[in-house]
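See below for the structure under consideration.
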Amino acid sequence: MAESLQFVSAAKTHGLKLIPFFISVALYFGLVRRDPQGELWTTVLKCLPIVALMLYVIIKGFSFNKNYRCSQLILLGLIFSCGGDALLNVNLFPFGMVSFGIAHVFYMSAFGWRPLKWILGVALYVPVIIFVIFVAKYLDEILIVGVPIYCALITTMLWRALARAVDTKSCLSIFCAVGALLFVISDALIAVTMFLGVALPGARLQIMITYYIAQLAIALSTADDGPEPSCRKKTK
C-alpha cells in the first residue's frame, strides 16, 4: 500500500513537470496543419516539445556530478535531437541526420553496455542490414554513406535500451525501451516515405506522434536518477 501511494505521488510530481511538454505537443499538432516548408514558426513549434523535455530533465533533479551521469547524457541527446529537428525542418536532411546520430551516441552511452546481450544485438542488426541493402539503390552519393551509419547508430541505441530493460525489468527502463523502438519506427516511416515514395495516410502525424512519445520515454528514464544512477541500476 505504501509503495502504491509512493508511486502515485511520484507520478503526480513528474506529471506536473511534464505539463510544458504536453502543452507544446498540443500546440504543434493544433497549429501546424500541413507538412512544414521550412518556416521559422513551424520550426520553433516542432522543437518546443524537445526543449520542454530538456527542461524536465533539469528541473526533476539535475547536477553535474557523477551521480547524475545518465541525466547529463540524456540532456545532451535531447539537445542534439532538437538541433536535428530544426535542420530537418529547413530541408537540411544530411546535417539533421548527423545531429540525430550524435544524439543516439549520447543515448546509448546513457543506457550502458552491461550486460552486453549480444544475441539481442545480432537479432536487431540483421533486419536493419537487409533494409539498408534494399533502399541503397534509392540513395544519392551522400546518403549512401550517411544512412548506413545512422541506421547502425539508432539500432545500437535500441539494442542498449532493450538490454537494459531486460536486465533491470523496471517500469522506467521498459518504457524507455518502448520509446527507443518507437524512435526506430518513426525514422523507418521517414525512410519509406522519403526514399521509397510510399504515400502513407497522415504520414507526418504518424512520424511525429511516435517521435514525441519516443523522446518522452527516453527523458523519463532519468526520473529516478540520483545517488545511484538509474541508467546503471541492476537487478539483484
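Labels for the C-alpha cells follow display order: chains A, B, ..., residues from 1 in each chain, ligands from 1.
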Got a sec: who's within 12 Å of range 64-77 of chain A, counting only C-alpha atoms, leaving out chain neighbours fewer than 4 positions off, as a compact mmCIF listing (two decimals) with all heavy atoms, in the first residue's frame?
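Okay, this is what ended up in part_16.txt:
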# COMPACT_ATOMS: atom_id res chain seq x y z
N ILE A 50 10.74 19.16 -27.46
CA ILE A 50 12.04 18.64 -27.06
C ILE A 50 12.70 19.59 -26.07
O ILE A 50 13.35 19.16 -25.10
CB ILE A 50 12.94 18.42 -28.29
CG1 ILE A 50 12.21 17.55 -29.33
CG2 ILE A 50 14.26 17.75 -27.88
CD1 ILE A 50 11.73 16.23 -28.80
N VAL A 51 12.52 20.89 -26.28
CA VAL A 51 13.03 21.87 -25.31
C VAL A 51 12.35 21.67 -23.96
O VAL A 51 12.99 21.76 -22.91
CB VAL A 51 12.80 23.31 -25.83
CG1 VAL A 51 13.19 24.34 -24.76
CG2 VAL A 51 13.59 23.57 -27.11
N ALA A 52 11.04 21.37 -23.99
CA ALA A 52 10.30 21.12 -22.75
C ALA A 52 10.84 19.88 -22.04
O ALA A 52 10.89 19.84 -20.80
CB ALA A 52 8.81 20.94 -23.06
N LEU A 53 11.24 18.87 -22.80
CA LEU A 53 11.83 17.67 -22.19
C LEU A 53 13.21 17.98 -21.60
O LEU A 53 13.59 17.41 -20.56
CB LEU A 53 11.93 16.54 -23.21
CG LEU A 53 10.60 15.92 -23.64
CD1 LEU A 53 10.81 14.87 -24.71
CD2 LEU A 53 9.85 15.33 -22.45
N MET A 54 13.97 18.85 -22.24
CA MET A 54 15.24 19.30 -21.66
C MET A 54 14.98 19.95 -20.31
O MET A 54 15.69 19.69 -19.32
CB MET A 54 15.92 20.32 -22.58
CG MET A 54 16.40 19.82 -23.90
SD MET A 54 17.19 21.19 -24.78
CE MET A 54 16.81 20.75 -26.47
N LEU A 55 13.96 20.81 -20.27
CA LEU A 55 13.59 21.49 -19.03
C LEU A 55 13.21 20.47 -17.96
O LEU A 55 13.60 20.60 -16.79
CB LEU A 55 12.43 22.45 -19.29
CG LEU A 55 11.90 23.23 -18.08
CD1 LEU A 55 12.98 24.16 -17.54
CD2 LEU A 55 10.66 24.03 -18.47
N TYR A 56 12.46 19.43 -18.36
CA TYR A 56 12.07 18.39 -17.41
C TYR A 56 13.28 17.70 -16.81
O TYR A 56 13.35 17.50 -15.59
CB TYR A 56 11.17 17.35 -18.09
CG TYR A 56 11.07 16.07 -17.29
CD1 TYR A 56 10.26 16.00 -16.17
CD2 TYR A 56 11.83 14.95 -17.64
CE1 TYR A 56 10.20 14.86 -15.39
CE2 TYR A 56 11.78 13.80 -16.87
CZ TYR A 56 10.96 13.76 -15.75
OH TYR A 56 10.93 12.62 -14.99
N VAL A 57 14.23 17.32 -17.66
CA VAL A 57 15.43 16.61 -17.17
C VAL A 57 16.17 17.46 -16.14
O VAL A 57 16.73 16.94 -15.16
CB VAL A 57 16.35 16.25 -18.36
CG1 VAL A 57 17.70 15.71 -17.86
CG2 VAL A 57 15.69 15.21 -19.25
N ILE A 58 16.15 18.77 -16.33
CA ILE A 58 16.86 19.67 -15.41
C ILE A 58 16.08 19.87 -14.10
O ILE A 58 16.65 19.76 -13.01
CB ILE A 58 17.13 21.02 -16.09
CG1 ILE A 58 18.12 20.82 -17.26
CG2 ILE A 58 17.69 22.04 -15.09
CD1 ILE A 58 18.31 22.05 -18.12
N ILE A 59 14.78 20.16 -14.22
CA ILE A 59 14.03 20.52 -13.01
C ILE A 59 13.63 19.32 -12.15
O ILE A 59 13.33 19.48 -10.97
CB ILE A 59 12.77 21.35 -13.35
CG1 ILE A 59 11.77 20.52 -14.16
CG2 ILE A 59 13.14 22.62 -14.08
CD1 ILE A 59 10.46 21.24 -14.44
N LYS A 60 13.63 18.10 -12.71
CA LYS A 60 13.23 16.94 -11.89
C LYS A 60 14.35 16.54 -10.94
O LYS A 60 14.17 15.71 -10.05
CB LYS A 60 12.83 15.76 -12.78
CG LYS A 60 13.84 15.29 -13.80
CD LYS A 60 14.89 14.38 -13.22
CE LYS A 60 16.01 14.14 -14.20
NZ LYS A 60 17.20 13.52 -13.56
N SER A 81 19.05 16.25 -30.57
CA SER A 81 17.78 15.92 -31.23
C SER A 81 17.05 17.19 -31.65
O SER A 81 16.50 17.27 -32.75
CB SER A 81 16.89 15.11 -30.28
OG SER A 81 17.43 13.84 -30.01
N CYS A 82 17.07 18.18 -30.78
CA CYS A 82 16.44 19.46 -31.09
C CYS A 82 17.12 20.10 -32.31
O CYS A 82 16.45 20.63 -33.20
CB CYS A 82 16.52 20.39 -29.89
SG CYS A 82 15.59 21.92 -30.07
N GLY A 83 18.45 20.03 -32.33
CA GLY A 83 19.17 20.52 -33.49
C GLY A 83 18.81 19.78 -34.75
O GLY A 83 18.65 20.37 -35.82
N GLY A 84 18.65 18.46 -34.62
CA GLY A 84 18.25 17.65 -35.78
C GLY A 84 16.87 18.02 -36.27
O GLY A 84 16.63 18.11 -37.49
N SER A 99 23.13 15.22 -36.74
CA SER A 99 22.78 15.68 -35.40
C SER A 99 22.04 14.60 -34.62
O SER A 99 22.33 14.35 -33.43
CB SER A 99 21.90 16.95 -35.49
OG SER A 99 21.76 17.56 -34.24
N PHE A 100 21.11 13.91 -35.26
CA PHE A 100 20.40 12.82 -34.59
C PHE A 100 21.33 11.64 -34.31
O PHE A 100 21.19 10.95 -33.29
CB PHE A 100 19.21 12.36 -35.43
CG PHE A 100 17.95 13.13 -35.17
CD1 PHE A 100 17.40 13.93 -36.14
CD2 PHE A 100 17.33 13.07 -33.93
CE1 PHE A 100 16.23 14.66 -35.90
CE2 PHE A 100 16.17 13.77 -33.68
CZ PHE A 100 15.62 14.58 -34.66
N GLY A 101 22.27 11.42 -35.20
CA GLY A 101 23.25 10.34 -34.97
C GLY A 101 24.06 10.59 -33.71
O GLY A 101 24.30 9.67 -32.92
N ILE A 102 24.46 11.85 -33.50
CA ILE A 102 25.19 12.21 -32.28
C ILE A 102 24.29 12.02 -31.06
O ILE A 102 24.73 11.54 -30.01
CB ILE A 102 25.69 13.66 -32.37
CG1 ILE A 102 26.72 13.79 -33.50
CG2 ILE A 102 26.31 14.11 -31.04
CD1 ILE A 102 27.13 15.22 -33.80
N ALA A 103 23.00 12.37 -31.21
CA ALA A 103 22.05 12.18 -30.11
C ALA A 103 21.99 10.71 -29.70
O ALA A 103 21.96 10.38 -28.50
CB ALA A 103 20.66 12.68 -30.52
N HIS A 104 21.98 9.82 -30.68
CA HIS A 104 21.91 8.39 -30.38
C HIS A 104 23.17 7.89 -29.67
O HIS A 104 23.10 6.97 -28.84
CB HIS A 104 21.67 7.59 -31.65
CG HIS A 104 20.32 7.82 -32.25
ND1 HIS A 104 19.17 7.81 -31.51
CD2 HIS A 104 19.93 8.08 -33.54
CE1 HIS A 104 18.13 8.05 -32.29
NE2 HIS A 104 18.57 8.22 -33.52
N VAL A 105 24.31 8.49 -29.98
CA VAL A 105 25.55 8.13 -29.28
C VAL A 105 25.42 8.46 -27.80
O VAL A 105 25.80 7.67 -26.93
CB VAL A 105 26.76 8.86 -29.89
CG1 VAL A 105 28.01 8.65 -29.02
CG2 VAL A 105 27.03 8.36 -31.31
N PHE A 106 24.86 9.62 -27.49
CA PHE A 106 24.66 10.00 -26.09
C PHE A 106 23.63 9.09 -25.41
O PHE A 106 23.81 8.69 -24.25
CB PHE A 106 24.22 11.46 -25.99
CG PHE A 106 25.34 12.44 -26.21
CD1 PHE A 106 25.30 13.35 -27.25
CD2 PHE A 106 26.45 12.45 -25.36
CE1 PHE A 106 26.33 14.26 -27.45
CE2 PHE A 106 27.49 13.35 -25.56
CZ PHE A 106 27.43 14.26 -26.61
N TYR A 107 22.56 8.76 -26.13
CA TYR A 107 21.55 7.88 -25.55
C TYR A 107 22.12 6.50 -25.24
O TYR A 107 21.91 5.97 -24.14
CB TYR A 107 20.36 7.75 -26.51
CG TYR A 107 19.48 8.97 -26.60
CD1 TYR A 107 18.67 9.19 -27.72
CD2 TYR A 107 19.45 9.92 -25.59
CE1 TYR A 107 17.86 10.32 -27.83
CE2 TYR A 107 18.64 11.04 -25.69
CZ TYR A 107 17.85 11.24 -26.81
OH TYR A 107 17.05 12.35 -26.90
N MET A 108 22.83 5.92 -26.19
CA MET A 108 23.36 4.57 -25.95
C MET A 108 24.40 4.60 -24.82
O MET A 108 24.51 3.63 -24.06
CB MET A 108 23.94 3.98 -27.23
CG MET A 108 25.22 4.62 -27.72
SD MET A 108 25.91 3.82 -29.21
CE MET A 108 24.83 4.45 -30.50
N SER A 109 25.12 5.70 -24.70
CA SER A 109 26.09 5.83 -23.61
C SER A 109 25.37 5.88 -22.27
O SER A 109 25.84 5.33 -21.27
CB SER A 109 26.93 7.10 -23.80
OG SER A 109 27.68 7.05 -24.99
N ALA A 110 24.21 6.55 -22.24
CA ALA A 110 23.41 6.62 -21.01
C ALA A 110 22.87 5.25 -20.63
O ALA A 110 22.83 4.90 -19.45
CB ALA A 110 22.27 7.61 -21.19
N PHE A 111 22.46 4.46 -21.61
CA PHE A 111 21.87 3.16 -21.33
C PHE A 111 22.92 2.14 -20.89
O PHE A 111 22.60 1.18 -20.20
CB PHE A 111 21.13 2.63 -22.57
CG PHE A 111 20.03 3.54 -23.05
CD1 PHE A 111 19.66 3.55 -24.39
CD2 PHE A 111 19.38 4.39 -22.17
CE1 PHE A 111 18.65 4.39 -24.84
CE2 PHE A 111 18.37 5.24 -22.61
CZ PHE A 111 18.01 5.24 -23.95
N GLY A 112 24.16 2.35 -21.29
CA GLY A 112 25.24 1.49 -20.82
C GLY A 112 25.47 0.26 -21.70
O GLY A 112 24.69 -0.06 -22.58
N MET A 157 21.43 2.06 -30.35
CA MET A 157 20.68 2.72 -29.28
C MET A 157 19.51 1.84 -28.81
O MET A 157 19.29 1.65 -27.61
CB MET A 157 20.17 4.07 -29.78
CG MET A 157 19.46 4.93 -28.74
SD MET A 157 17.69 4.56 -28.56
CE MET A 157 17.05 5.09 -30.16
N CYS A 176 11.25 3.13 -21.49
CA CYS A 176 12.32 3.71 -22.30
C CYS A 176 12.62 2.83 -23.51
O CYS A 176 12.83 3.34 -24.62
CB CYS A 176 13.58 3.89 -21.45
SG CYS A 176 14.97 4.62 -22.33
N GLN A 215 10.77 10.29 -27.46
CA GLN A 215 11.62 11.20 -26.70
C GLN A 215 11.12 11.36 -25.27
O GLN A 215 11.91 11.49 -24.33
CB GLN A 215 11.67 12.56 -27.41
CG GLN A 215 12.37 12.55 -28.77
CD GLN A 215 13.89 12.50 -28.65
OE1 GLN A 215 14.45 11.95 -27.70
NE2 GLN A 215 14.57 13.08 -29.62
N LEU A 216 9.81 11.35 -25.09
CA LEU A 216 9.24 11.42 -23.75
C LEU A 216 9.70 10.22 -22.91
O LEU A 216 10.12 10.37 -21.75
CB LEU A 216 7.71 11.44 -23.82
CG LEU A 216 6.96 11.27 -22.48
CD1 LEU A 216 7.27 12.42 -21.54
CD2 LEU A 216 5.46 11.16 -22.74
N ALA A 217 9.62 9.04 -23.49
CA ALA A 217 10.02 7.82 -22.77
C ALA A 217 11.50 7.84 -22.41
O ALA A 217 11.88 7.44 -21.31
CB ALA A 217 9.70 6.60 -23.62
N ILE A 218 12.32 8.32 -23.33
CA ILE A 218 13.76 8.38 -23.07
C ILE A 218 14.06 9.41 -21.98
O ILE A 218 14.87 9.16 -21.08
CB ILE A 218 14.53 8.72 -24.37
CG1 ILE A 218 14.45 7.53 -25.34
CG2 ILE A 218 15.99 9.06 -24.07
CD1 ILE A 218 15.00 7.80 -26.72
N ALA A 219 13.40 10.56 -22.03
CA ALA A 219 13.60 11.58 -21.00
C ALA A 219 13.15 11.08 -19.63
O ALA A 219 13.81 11.33 -18.61
CB ALA A 219 12.85 12.86 -21.37
N LEU A 220 12.05 10.33 -19.59
CA LEU A 220 11.52 9.81 -18.33
C LEU A 220 12.44 8.75 -17.71
O LEU A 220 12.31 8.45 -16.52
CB LEU A 220 10.14 9.21 -18.55
CG LEU A 220 8.96 10.19 -18.44
CD1 LEU A 220 7.66 9.48 -18.79
CD2 LEU A 220 8.89 10.78 -17.03
N SER A 221 13.34 8.19 -18.50
CA SER A 221 14.26 7.20 -17.94
C SER A 221 15.18 7.81 -16.90
O SER A 221 15.86 7.09 -16.16
CB SER A 221 15.08 6.54 -19.05
OG SER A 221 16.01 7.45 -19.62
N THR A 222 15.21 9.15 -16.83
CA THR A 222 16.04 9.83 -15.84
C THR A 222 15.25 10.17 -14.58
O THR A 222 15.78 10.83 -13.67
CB THR A 222 16.63 11.14 -16.42
OG1 THR A 222 15.56 12.09 -16.64
CG2 THR A 222 17.34 10.89 -17.73
N ALA A 223 13.99 9.76 -14.51
CA ALA A 223 13.11 10.18 -13.41
C ALA A 223 13.64 9.82 -12.03
O ALA A 223 13.47 10.57 -11.08
CB ALA A 223 11.71 9.58 -13.60
N ASP A 224 14.30 8.66 -11.89
CA ASP A 224 14.83 8.27 -10.59
C ASP A 224 16.34 8.36 -10.55
O ASP A 224 17.01 7.70 -9.75
CB ASP A 224 14.37 6.86 -10.21
CG ASP A 224 14.83 5.81 -11.21
OD1 ASP A 224 15.34 6.19 -12.28
OD2 ASP A 224 14.67 4.61 -10.93
N ASP A 225 16.89 9.22 -11.40
CA ASP A 225 18.34 9.43 -11.41
C ASP A 225 18.75 10.10 -10.10
O ASP A 225 18.00 10.89 -9.53
CB ASP A 225 18.71 10.33 -12.60
CG ASP A 225 20.12 10.06 -13.09
OD1 ASP A 225 20.77 9.15 -12.55
OD2 ASP A 225 20.56 10.74 -14.03
N GLY A 226 19.93 9.78 -9.63
CA GLY A 226 20.38 10.37 -8.38
C GLY A 226 21.62 9.68 -7.85
O GLY A 226 22.46 9.25 -8.64
N PRO A 227 21.72 9.53 -6.55
CA PRO A 227 22.92 8.93 -5.95
C PRO A 227 23.30 7.57 -6.54
O PRO A 227 24.46 7.26 -6.70
CB PRO A 227 22.54 8.79 -4.47
CG PRO A 227 21.59 9.92 -4.25
CD PRO A 227 20.80 10.03 -5.54
N GLU A 228 22.27 6.77 -6.90
CA GLU A 228 22.54 5.52 -7.62
C GLU A 228 21.93 5.70 -8.99
O GLU A 228 20.72 5.54 -9.18
CB GLU A 228 21.91 4.31 -6.94
CG GLU A 228 22.29 2.99 -7.64
CD GLU A 228 21.57 1.80 -7.02
OE1 GLU A 228 20.86 1.98 -6.03
OE2 GLU A 228 21.76 0.69 -7.56
N PRO A 229 22.76 6.08 -10.03
CA PRO A 229 22.22 6.42 -11.34
C PRO A 229 21.28 5.37 -11.88
O PRO A 229 21.61 4.19 -11.96
CB PRO A 229 23.49 6.55 -12.21
CG PRO A 229 24.55 6.92 -11.23
CD PRO A 229 24.21 6.17 -9.98
N SER A 230 20.08 5.78 -12.29
CA SER A 230 19.04 4.86 -12.74
C SER A 230 19.44 4.08 -13.98
O SER A 230 19.06 2.95 -14.16
CB SER A 230 17.74 5.63 -13.02
OG SER A 230 17.96 6.60 -14.02
N CYS A 231 20.24 4.71 -14.84
CA CYS A 231 20.62 4.04 -16.08
C CYS A 231 21.61 2.91 -15.83
O CYS A 231 21.89 2.13 -16.72
CB CYS A 231 21.25 5.05 -17.05
SG CYS A 231 20.09 6.28 -17.67
N ARG A 232 22.15 2.84 -14.63
CA ARG A 232 23.13 1.80 -14.35
C ARG A 232 22.65 0.77 -13.34
O ARG A 232 23.34 -0.14 -12.96
CB ARG A 232 24.42 2.44 -13.78
CG ARG A 232 25.07 3.43 -14.75
CD ARG A 232 25.75 2.68 -15.89
NE ARG A 232 26.52 3.62 -16.68
CZ ARG A 232 26.10 4.17 -17.79
NH1 ARG A 232 24.88 3.92 -18.23
NH2 ARG A 232 26.86 5.00 -18.47
N LYS A 233 21.41 0.97 -12.82
CA LYS A 233 20.90 0.05 -11.81
C LYS A 233 20.73 -1.34 -12.37
O LYS A 233 20.31 -1.54 -13.48
CB LYS A 233 19.55 0.56 -11.27
CG LYS A 233 19.72 1.80 -10.38
CD LYS A 233 18.36 2.30 -9.93
CE LYS A 233 18.50 3.55 -9.09
NZ LYS A 233 17.21 4.13 -8.73
**Request:** Could you tell me, as a ChimeraX atom specification, which residues of range 84-223 of chain A DSSP assigns to alpha helix (DSSP H) when given the backbone?
**Result:** /A:84-89,93-111,118-135,143-168,171-194,203-220
**Message:** Please report the interatomic distance between CA of Val126 in chain A and CA of Thr156 in chain A in Å with one decimal.
**Reply:**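 Between CA of Val126 in chain A and CA of Thr156 in chain A the gap works out to 12.1 Å.
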**Request:** Could you give me, as JSON, numbers by chain, the residues within 8 Å of range 201-208 of chain A, counting only C-alpha atoms and dropping anything in the same chain fewer than 4 positions from it?
**Result:** {"A": [35, 186, 187, 189, 190, 193, 212]}
Store the residues of this selection in a file with C-alpha atoms, as an mmCIF file, in the first residue's frame.
data_model
loop_
_atom_site.group_PDB
_atom_site.id
_atom_site.type_symbol
_atom_site.label_atom_id
_atom_site.label_comp_id
_atom_site.auth_asym_id
_atom_site.auth_seq_id
_atom_site.Cartn_x
_atom_site.Cartn_y
_atom_site.Cartn_z
ATOM 1 C CA ASP A 35 3.933 19.391 -43.821
ATOM 2 C CA SER A 186 9.370 6.924 -36.613
ATOM 3 C CA ASP A 187 12.604 7.011 -38.595
ATOM 4 C CA LEU A 189 8.359 5.861 -41.600
ATOM 5 C CA ILE A 190 10.525 8.770 -42.764
ATOM 6 C CA THR A 193 8.102 7.996 -47.450
ATOM 7 C CA TYR A 212 7.453 12.631 -29.437
#
**Separation of CA of Leu162 in chain A from CA of Ile174 in chain A in Å** =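 These atoms are spaced 7.6 Å apart.
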**Message:** Taking only C-alpha atoms into account, name the residue in A:Phe195, A:Phe80, A:Trp159, A:Phe175 that is nearest to Trp118 in chain A.
**Reply:**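 Closest residue, counting only C-alpha atoms: A:Trp159.
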**Complete:** Of A:Ala123, A:Phe22, A:His14, A:Pro94, the one sitting nearest Glu141 in chain A when using only C-alpha atoms is A:Pro94
